[in-house]
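Shown here: data-v4.cif, mmCIF, C-alpha atoms.
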data_start
#
loop_
_atom_site.label_atom_id
_atom_site.label_comp_id
_atom_site.auth_asym_id
_atom_site.auth_seq_id
_atom_site.Cartn_x
_atom_site.Cartn_y
_atom_site.Cartn_z
CA MET A 1 -12.80 48.33 -14.33
CA LYS A 2 -11.54 46.88 -11.04
CA THR A 3 -11.34 43.30 -9.85
CA SER A 4 -14.26 42.64 -7.53
CA LYS A 5 -13.99 41.61 -3.89
CA ILE A 6 -17.33 39.82 -4.21
CA GLU A 7 -16.47 36.16 -3.69
CA TRP A 8 -18.66 34.66 -6.42
CA THR A 9 -17.62 36.89 -9.33
CA GLU A 10 -14.45 38.37 -10.86
CA LYS A 11 -15.28 41.89 -12.03
CA VAL A 12 -18.22 44.28 -11.83
CA TRP A 13 -19.70 46.16 -14.76
CA ASN A 14 -22.03 49.07 -13.99
CA PRO A 15 -23.53 50.51 -17.19
CA SER A 16 -26.05 52.18 -14.89
CA ILE A 17 -25.90 53.18 -11.23
CA GLY A 18 -28.29 54.21 -8.46
CA CYS A 19 -31.42 52.55 -7.17
CA ASP A 20 -34.46 52.77 -4.90
CA LYS A 21 -35.52 50.52 -2.05
CA VAL A 22 -38.17 47.92 -2.93
CA SER A 23 -38.07 45.38 -0.09
CA ALA A 24 -36.66 44.55 3.34
CA GLY A 25 -33.28 43.46 2.03
CA CYS A 26 -32.67 46.97 0.72
CA LYS A 27 -32.88 48.66 4.12
CA TYR A 28 -29.11 48.96 4.68
CA CYS A 29 -28.00 48.81 1.04
CA TYR A 30 -24.21 48.56 0.73
CA ALA A 31 -24.28 50.17 -2.72
CA GLU A 32 -26.05 53.26 -1.39
CA VAL A 33 -23.42 53.70 1.32
CA PHE A 34 -20.62 53.22 -1.22
CA ALA A 35 -22.23 55.71 -3.63
CA ARG A 36 -22.30 58.37 -0.93
CA ARG A 37 -18.63 57.75 -0.24
CA LEU A 38 -17.75 58.07 -3.93
CA LYS A 39 -19.74 61.31 -4.16
CA ALA A 40 -17.80 62.72 -1.19
CA MET A 41 -14.57 61.74 -2.95
CA GLY A 42 -15.60 63.78 -5.98
CA VAL A 43 -16.09 60.88 -8.42
CA GLU A 44 -17.92 62.42 -11.38
CA ASP A 45 -20.29 59.51 -12.08
CA TYR A 46 -21.57 59.74 -8.50
CA LYS A 47 -22.06 63.51 -8.28
CA ASP A 48 -25.78 62.83 -7.82
CA GLY A 49 -25.18 60.17 -5.19
CA PHE A 50 -27.41 57.12 -5.48
CA THR A 51 -29.87 58.63 -7.95
CA PHE A 52 -30.54 56.22 -10.83
CA LYS A 53 -28.75 57.10 -14.07
CA ILE A 54 -27.48 55.34 -17.16
CA LEU A 55 -23.78 55.62 -18.02
CA PRO A 56 -23.34 55.04 -21.77
CA HIS A 57 -19.61 55.72 -21.56
CA ARG A 58 -19.26 52.43 -19.63
CA LEU A 59 -21.13 50.32 -22.18
CA GLU A 60 -18.10 48.99 -24.04
CA GLU A 61 -15.95 48.08 -21.03
CA PRO A 62 -16.36 44.29 -21.45
CA LEU A 63 -15.29 44.55 -25.09
CA LYS A 64 -11.84 45.67 -23.96
CA ILE A 65 -11.15 42.56 -21.87
CA ARG A 66 -9.88 39.56 -23.80
CA LYS A 67 -9.56 37.09 -20.93
CA PRO A 68 -12.77 35.10 -20.19
CA THR A 69 -14.26 36.82 -17.14
CA LYS A 70 -17.27 36.54 -14.87
CA PHE A 71 -18.96 39.95 -14.62
CA PHE A 72 -21.50 40.89 -11.98
CA VAL A 73 -23.69 43.32 -13.91
CA ASN A 74 -24.85 46.39 -11.96
CA SER A 75 -23.46 45.77 -8.51
CA MET A 76 -24.34 49.45 -7.88
CA SER A 77 -27.90 49.30 -9.18
CA ASP A 78 -30.63 46.97 -10.46
CA LEU A 79 -30.53 46.29 -14.19
CA PHE A 80 -34.34 46.14 -14.25
CA HIS A 81 -34.92 49.38 -12.34
CA GLU A 82 -38.23 51.09 -13.09
CA GLU A 83 -36.45 54.01 -14.80
CA MET A 84 -34.25 51.82 -17.00
CA PRO A 85 -35.19 52.42 -20.67
CA PHE A 86 -35.68 49.15 -22.53
CA GLU A 87 -33.77 50.72 -25.43
CA TYR A 88 -30.72 51.04 -23.19
CA LEU A 89 -31.22 47.49 -21.92
CA ASN A 90 -31.08 46.39 -25.56
CA MET A 91 -27.71 48.12 -25.89
CA ILE A 92 -26.41 46.38 -22.77
CA PHE A 93 -27.47 42.98 -24.06
CA ASP A 94 -25.95 43.73 -27.47
CA VAL A 95 -22.58 44.10 -25.72
CA ILE A 96 -23.21 40.84 -23.87
CA LYS A 97 -23.95 39.05 -27.15
CA LYS A 98 -20.75 40.45 -28.68
CA THR A 99 -18.63 38.98 -25.87
CA PRO A 100 -19.52 35.27 -25.69
CA LEU A 101 -16.19 34.55 -23.97
CA HIS A 102 -17.48 36.31 -20.85
CA THR A 103 -20.13 35.26 -18.33
CA PHE A 104 -22.56 37.93 -17.13
CA GLN A 105 -24.23 37.42 -13.75
CA ILE A 106 -27.40 39.52 -13.46
CA LEU A 107 -29.25 39.77 -10.17
CA THR A 108 -32.54 41.59 -9.59
CA LYS A 109 -35.25 42.22 -7.03
CA ARG A 110 -37.55 43.45 -9.80
CA ASP A 111 -38.68 40.10 -11.14
CA LYS A 112 -41.81 41.49 -12.84
CA ILE A 113 -39.81 43.90 -15.02
CA MET A 114 -37.31 41.14 -15.77
CA SER A 115 -40.16 38.89 -16.89
CA GLU A 116 -41.68 41.65 -19.02
CA TYR A 117 -38.38 42.39 -20.76
CA PHE A 118 -37.69 38.75 -21.61
CA SER A 119 -41.26 37.95 -22.60
CA LYS A 120 -40.36 38.64 -26.23
CA LYS A 121 -36.58 38.25 -26.07
CA GLU A 122 -34.15 35.40 -25.58
CA VAL A 123 -31.69 35.43 -22.71
CA PRO A 124 -28.15 35.26 -24.16
CA SER A 125 -26.47 31.92 -23.44
CA ASN A 126 -23.63 33.63 -21.52
CA VAL A 127 -26.03 35.22 -19.02
CA TRP A 128 -26.69 33.81 -15.55
CA LEU A 129 -29.99 35.29 -14.38
CA GLY A 130 -30.85 35.57 -10.70
CA VAL A 131 -33.22 37.02 -8.12
CA SER A 132 -32.68 38.09 -4.51
CA VAL A 133 -34.72 36.40 -1.78
CA GLU A 134 -34.03 37.79 1.69
CA ASN A 135 -36.79 35.95 3.56
CA SER A 136 -39.93 33.88 2.95
CA THR A 137 -41.98 36.92 1.88
CA PHE A 138 -40.13 37.17 -1.43
CA LYS A 139 -40.04 33.52 -2.54
CA LYS A 140 -42.48 34.50 -5.31
CA ARG A 141 -39.51 35.99 -7.16
CA ILE A 142 -38.24 32.44 -7.69
CA ASP A 143 -41.42 31.54 -9.59
CA SER A 144 -40.90 34.50 -11.93
CA LEU A 145 -37.29 33.49 -12.54
CA ARG A 146 -38.18 29.87 -13.25
CA LYS A 147 -40.39 30.94 -16.14
CA VAL A 148 -37.56 32.75 -17.94
CA LYS A 149 -35.57 30.49 -20.28
CA ALA A 150 -32.08 31.29 -19.02
CA LYS A 151 -29.24 28.80 -19.28
CA ILE A 152 -28.37 29.36 -15.62
CA ARG A 153 -30.86 30.57 -13.01
CA PHE A 154 -29.70 31.46 -9.51
CA ILE A 155 -30.93 32.83 -6.21
CA SER A 156 -29.07 35.16 -3.88
CA PHE A 157 -30.27 34.62 -0.32
CA GLU A 158 -28.39 37.73 0.78
CA PRO A 159 -28.74 39.49 3.05
CA LEU A 160 -30.51 36.53 4.64
CA ILE A 161 -32.62 38.25 7.31
CA GLY A 162 -35.19 35.55 7.97
CA SER A 163 -36.17 31.95 7.37
CA VAL A 164 -37.20 31.13 3.80
CA GLY A 165 -38.93 27.90 4.80
CA GLU A 166 -39.63 25.28 2.17
CA ILE A 167 -38.53 26.32 -1.33
CA ASN A 168 -39.13 24.86 -4.77
CA LEU A 169 -35.74 24.81 -6.49
CA LYS A 170 -36.83 23.02 -9.65
CA ASN A 171 -34.89 24.39 -12.63
CA ILE A 172 -32.77 26.55 -10.32
CA HIS A 173 -29.06 25.85 -10.65
CA TRP A 174 -27.25 27.87 -8.02
CA ALA A 175 -27.85 29.35 -4.56
CA ILE A 176 -25.73 32.03 -2.86
CA VAL A 177 -26.22 32.55 0.87
CA GLY A 178 -24.83 35.38 2.98
CA GLY A 179 -25.43 37.45 6.09
CA GLU A 180 -25.68 41.21 6.21
CA SER A 181 -22.66 43.39 6.97
CA GLY A 182 -22.29 46.90 8.34
CA ILE A 183 -22.87 48.69 11.63
CA LYS A 184 -26.65 48.24 11.52
CA ALA A 185 -26.59 44.69 10.14
CA ARG A 186 -29.42 42.40 11.11
CA PRO A 187 -28.49 38.98 12.56
CA ILE A 188 -28.36 35.77 10.55
CA LYS A 189 -29.31 32.44 12.16
CA GLN A 190 -27.49 29.21 11.43
CA ILE A 191 -30.80 27.35 11.21
CA TRP A 192 -31.84 29.56 8.26
CA ILE A 193 -28.67 28.61 6.38
CA GLU A 194 -29.13 24.95 7.27
CA GLU A 195 -32.61 24.82 5.77
CA ILE A 196 -31.37 26.29 2.48
CA PHE A 197 -28.31 24.02 2.44
CA ARG A 198 -30.45 20.93 3.07
CA GLN A 199 -32.85 21.75 0.26
CA CYS A 200 -30.02 22.54 -2.17
CA LYS A 201 -28.51 19.12 -1.51
CA GLN A 202 -31.88 17.39 -1.81
CA GLN A 203 -32.75 19.15 -5.06
CA GLY A 204 -29.32 19.12 -6.73
CA VAL A 205 -28.56 22.85 -6.58
CA ALA A 206 -24.99 24.19 -6.27
CA PHE A 207 -24.44 25.92 -2.90
CA PHE A 208 -22.18 28.94 -2.35
CA PHE A 209 -21.78 30.37 1.14
CA LYS A 210 -20.56 33.95 0.74
CA GLN A 211 -20.18 35.16 4.32
CA TRP A 212 -21.55 35.27 7.85
CA GLY A 213 -21.36 39.05 7.75
CA THR A 214 -21.39 41.18 10.89
CA TRP A 215 -22.99 38.44 13.00
CA GLY A 216 -20.98 35.23 13.38
CA ALA A 217 -22.05 31.61 13.68
CA ASP A 218 -21.99 32.14 17.44
CA GLU A 219 -24.39 35.10 17.02
CA ILE A 220 -21.74 37.52 18.26
CA LYS A 221 -21.32 40.84 16.45
CA ARG A 222 -17.85 41.56 15.11
CA ASN A 223 -15.95 42.50 11.92
CA LYS A 224 -17.18 40.43 8.98
CA LYS A 225 -13.62 39.38 8.11
CA ALA A 226 -13.23 37.91 11.60
CA ASN A 227 -16.49 35.99 11.19
CA GLY A 228 -15.30 34.62 7.86
CA ARG A 229 -17.23 32.26 5.62
CA ILE A 230 -16.79 28.81 7.12
CA PHE A 231 -20.00 26.78 7.28
CA ARG A 232 -20.16 23.16 8.41
CA GLY A 233 -16.40 23.18 8.85
CA LYS A 234 -15.42 24.33 5.34
CA GLU A 235 -15.85 26.96 2.63
CA TRP A 236 -18.63 26.26 0.15
CA ASN A 237 -17.68 27.56 -3.29
CA GLU A 238 -19.88 25.46 -5.55
CA TYR A 239 -20.83 26.75 -9.00
CA PRO A 240 -23.47 25.48 -11.43
CA LYS A 241 -22.30 22.79 -13.82
CA THR A 242 -22.65 24.70 -17.04
CA LEU A 243 -21.33 22.01 -19.38
CA SER A 244 -23.71 19.27 -18.31
CA LEU A 245 -26.60 21.74 -18.26
CA ALA A 246 -25.82 22.84 -21.80
CA LYS A 247 -26.07 19.21 -22.90
CA GLU A 248 -29.44 18.93 -21.19
CA ILE A 249 -30.73 21.98 -23.00
CA LYS A 250 -29.46 20.67 -26.32
CA ASN A 251 -31.22 17.38 -25.78
CA ASN A 252 -34.42 19.11 -24.72
CA THR A 253 -34.40 17.37 -21.37
CA LEU A 254 -34.76 20.56 -19.32
CA GLN A 255 -38.42 21.23 -18.72
CA ILE A 256 -39.32 24.88 -18.19
CA ILE A 257 -42.34 25.44 -15.98
#
Can you give me the file's structure in the form of structure tokens?
Amino acid sequence: MKTSKIEWTEKVWNPSIGCDKVSAGCKYCYAEVFARRLKAMGVEDYKDGFTFKILPHRLEEPLKIRKPTKFFVNSMSDLFHEEMPFEYLNMIFDVIKKTPLHTFQILTKRDKIMSEYFSKKEVPSNVWLGVSVENSTFKKRIDSLRKVKAKIRFISFEPLIGSVGEINLKNIHWAIVGGESGIKARPIKQIWIEEIFRQCKQQGVAFFFKQWGTWGADEIKRNKKANGRIFRGKEWNEYPKTLSLAKEIKNNTLQII
């Protein structure tokens, strides 16, 4: 299990891989490109490319790490993919429950399946549960997320390919914003980031700016490393305040809508 280059996590854990496109943000999926590369390299797990499959031999990987770690779960898939057996999801969450020292960041575009799975189950306290919102069309995913009783709820506005407009961030704790990368990347506009930033500050949500991506603040296309991740003159690496939130939950002051 390798250290991740994703700025907001530490390691990735992929107990399943492969996916299918469900919305506009999927069009130039980085994971699909990476899966093809791994297949060409002869990596056994990716012999079928980006076809969805479960990988039981990876289930126990977090159990072998003794240092508290933030894991992004399924960076190469969607944990709530339509072909994911709920029985296997149960096994994944059993591992999560056995490793309370770790934090598991789960991000999905399949909010309906997420809601169905947790309708009769509790979200483990060491899980941060999130949805992707790439433009205003998919803000409805936030409403689904808000109804799930997770300790930390977050939104990934990445790749941000359009304005999201006004957003209700009640009971949302963290927002990640980032532009698309790659040869065919679609542009990101500074005004779209500004509207999310403003609403995060107004509504008390931690703000994390991941990257400009292929298109810079000046709307010029170049290498994403050259564009960097400076916004408003600095890097924004805010995380949700888990300790104070835990106290709120304990005191029953957090109202779930």
Each residue of stretch 187-223 of chain A with at least one atom at most 7 Å from stretch 155-179 of chain A should appear once, together with its nearest atom pair and the corresponding distance in Å (one decimal); atoms considered: only C-alpha atoms; ordering: chain, then increasing residue number; output as CSV.
residue,atom,partner,partner_atom,distance
A:Pro187,CA,A:Ile161,CA,6.7
A:Ile188,CA,A:Gly179,CA,5.6
A:Trp192,CA,A:Ser163,CA,5.0
A:Gln203,CA,A:Leu169,CA,6.6
A:Val205,CA,A:His173,CA,5.1
A:Ala206,CA,A:Trp174,CA,4.7
A:Phe207,CA,A:Ala175,CA,5.1
A:Phe208,CA,A:Ile176,CA,4.7
A:Phe209,CA,A:Val177,CA,5.0
A:Lys210,CA,A:Gly178,CA,5.0
A:Gln211,CA,A:Gly178,CA,4.8
A:Trp212,CA,A:Gly179,CA,4.8
A:Gly213,CA,A:Gly179,CA,4.7
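Interatomic distance, atom CA of A:Arg66 against atom CA of A:Pro100: 10.7 Å.
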Expansion of the PyMOL selection byres ((chain A and resi 14) around 8) into residues, as a list in words = Val12, Trp13, Pro15, Ser16, Ile17, Leu55, Arg58, Val73, Asn74, Ser75, Met76 and Ser77 of chain A
inquiry  = Using Å and a single decimal, report how far atom CA of A:Phe118 sits from atom CA of A:Val148.
reply    =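 Answer for the atom CA of A:Val148 to atom CA of A:Phe118 separation: 7.0 Å.
Atom CA of A:Phe93 lies 8.8 Å from atom CA of A:Val123.
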Selected residue, from A:Phe52, A:Lys121, A:Glu10, A:Glu87, that lies nearest to A:Thr103 when counting all atoms listed in the file =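 Answer, going by the shortest atom-to-atom distance: A:Glu10.
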I'd like the box whose edges run along x, y and z of the file and which contains every listed atom of stretch 85-97 of chain A, padded by 3 Å per side; could you state its centre and edge lengths in Å, one decimal, as AutoDock Vina command-line options?
--center_x -29.1 --center_y 45.7 --center_z -24.1 --size_x 19.1 --size_y 19.4 --size_z 12.8
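Between A:Thr99 and the candidates A:Gly216, A:Pro68, A:Gly130, A:Gly182, the tightest atom-to-atom separation, counting all atoms listed in the file, involves A:Pro68.
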The PyMOL selection byres ((chain A and resi 22) around 12) applied to the shown file, residues as a VMD selection string = chain A and resid 19 to 21 23 to 29 78 81 to 82 108 to 111 132 134 138
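Applied to the file shown here, the PyMOL selection byres ((chain A and resi 86) around 12) selects the residues A:Ile54, A:Leu79, A:Phe80, A:His81, A:Glu82, A:Glu83, A:Met84, A:Pro85, A:Glu87, A:Tyr88, A:Leu89, A:Asn90, A:Met91, A:Ile92, A:Phe93, A:Ile113, A:Met114, A:Glu116, A:Tyr117, A:Phe118, A:Lys121.
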A:Leu63, A:Ile96, A:Glu195, A:Gly18 ranked by distance to A:Asp45, top pick (using all atoms listed in the file) =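 Smallest distance to A:Asp45 is found for A:Gly18.
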query = Using only C-alpha atoms, which of A:Ala185, A:Ile142, A:Tyr30, A:Lys112 sits nearest A:Asn223?
reply =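 Closest residue, counting only C-alpha atoms: A:Ala185.
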